[in-house]
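Enquirer: A single structure is presented below for examination.
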Amino acid sequence: MPVLDKRGQKNRRRARIRRKVQGTAERPRLSVYRSNTHIYAQLIDDLQGRTLAAADSREVGETENRTEAARKVGELIARRADDADVEAAVFDRGGNKYHGRVAALAEGARSNGLKV
């Protein structure tokens with residue numbers, strides 16, 4: 001097997017995760033996209049192809065650092081999930097390692113009552 005670059009490794013992780021994770025109306029997929037500066041989260045019903053709720057770090061205002069912004073995005077997506085009558089979600093880390101900002105987003109969502 002050839003040596004993969006970082007992007008190739010991330011794409012393999014993403015494909016492996018998406019084979020296993022599927023969102024429904026009762027338990028949508030909490031999809032996370034992480035760029036260098038911002039982090040985005042969506043609650044997706046894969047059966048109907050609908051986005052139930054979304055949040056991103058551009059909405060939370062000024063924060064001390066990007067990890068704190070990710071935690072606030074997690075709290076915001078949990079509040080919006082509650083408005084959409086969603087109690088639990090399956091976590092789709094999008095090929096990212098569960099560490100740093102991705103983990104902070106999940107913890108923020110859990111702290112506001114979303115079962116991830």
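A note on labels: chains of the structure tokens are A, B, ... as shown, every chain counts residues from 1, and ligands are counted from 1 in their shown order.
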Check the DSSP output for the backbone and give back, as a VMD selection string, the residues of segment 4-92 of chain A in strand (DSSP E or B).
Expert: chain A and resid 29 to 34 39 to 45 50 to 56 88 90 to 92
Enquirer: I need the residues from that last selection saved to file as a PDB file, in the first residue's frame (with C-alpha atoms), if you can.
Expert:
```
ATOM      1  CA  ARG A  29     -26.050  13.017  12.027  1.00  0.00           C
ATOM      2  CA  LEU A  30     -24.076  15.826  13.695  1.00  0.00           C
ATOM      3  CA  SER A  31     -21.657  16.636  10.892  1.00  0.00           C
ATOM      4  CA  VAL A  32     -18.574  18.729  11.697  1.00  0.00           C
ATOM      5  CA  TYR A  33     -16.481  20.656   9.185  1.00  0.00           C
ATOM      6  CA  ARG A  34     -13.310  22.276  10.453  1.00  0.00           C
ATOM      7  CA  ILE A  39     -15.783  25.351  12.564  1.00  0.00           C
ATOM      8  CA  TYR A  40     -19.221  24.415  11.242  1.00  0.00           C
ATOM      9  CA  ALA A  41     -21.816  21.939  12.527  1.00  0.00           C
ATOM     10  CA  GLN A  42     -24.999  20.606  10.944  1.00  0.00           C
ATOM     11  CA  LEU A  43     -27.713  18.205  12.054  1.00  0.00           C
ATOM     12  CA  ILE A  44     -28.602  16.165   8.975  1.00  0.00           C
ATOM     13  CA  ASP A  45     -31.428  13.704   8.317  1.00  0.00           C
ATOM     14  CA  ARG A  50     -32.554  17.598   4.961  1.00  0.00           C
ATOM     15  CA  THR A  51     -30.506  19.809   7.245  1.00  0.00           C
ATOM     16  CA  LEU A  52     -32.445  20.213  10.487  1.00  0.00           C
ATOM     17  CA  ALA A  53     -30.162  22.770  12.176  1.00  0.00           C
ATOM     18  CA  ALA A  54     -26.812  24.433  11.570  1.00  0.00           C
ATOM     19  CA  ALA A  55     -24.336  26.598  13.483  1.00  0.00           C
ATOM     20  CA  ASP A  56     -20.858  27.946  12.903  1.00  0.00           C
ATOM     21  CA  ALA A  88     -29.836  12.670  20.347  1.00  0.00           C
ATOM     22  CA  VAL A  90     -24.763  10.442  15.896  1.00  0.00           C
ATOM     23  CA  PHE A  91     -21.418  12.219  15.714  1.00  0.00           C
ATOM     24  CA  ASP A  92     -19.715  12.531  12.316  1.00  0.00           C
TER      25      ASP A  92
END
```
Enquirer: List the neighbours of Ala78 of chain A out to 6 Å using only C-alpha atoms; skip same-chain residues closer than 6 positions along the sequence, and give me the result as a list in words.
Expert: Ala109, Asn112 and Leu114 of chain A
Enquirer: With distances taken over only C-alpha atoms, which residue among A:Lys72, A:Arg12, A:Arg110, A:Arg19 lies nearest Asn96 of chain A?
Expert: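 Selected residue with least distance to Asn96 of chain A: A:Arg12.
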Enquirer: Quick one: pull the distance between atom CA of Lys115 of chain A and atom CA of Thr67 of chain A, Å, one decimal.
Expert: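 According to the coordinates, atom CA of Lys115 of chain A and atom CA of Thr67 of chain A are separated by 20.4 Å.
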Enquirer: Which distance in Å separates atom CA of Gln22 of chain A and atom CA of Val3 of chain A, to one decimal?
Expert: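 Between these atoms lies a distance of 29.4 Å.
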Enquirer: Using only C-alpha atoms, find the one residue out of A:Arg7, A:Glu26, A:Leu105, A:Asp82 that sits nearest to His38 of chain A.
Expert: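 Of all the options, A:Leu105 lies closest to His38 of chain A.
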Enquirer: Between atom CA of Glu62 of chain A and atom CA of Thr37 of chain A, what is the distance in Å, rounded to a tenth?
Expert: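 Atom-to-atom, atom CA of Glu62 of chain A to atom CA of Thr37 of chain A, that is 12.4 Å.
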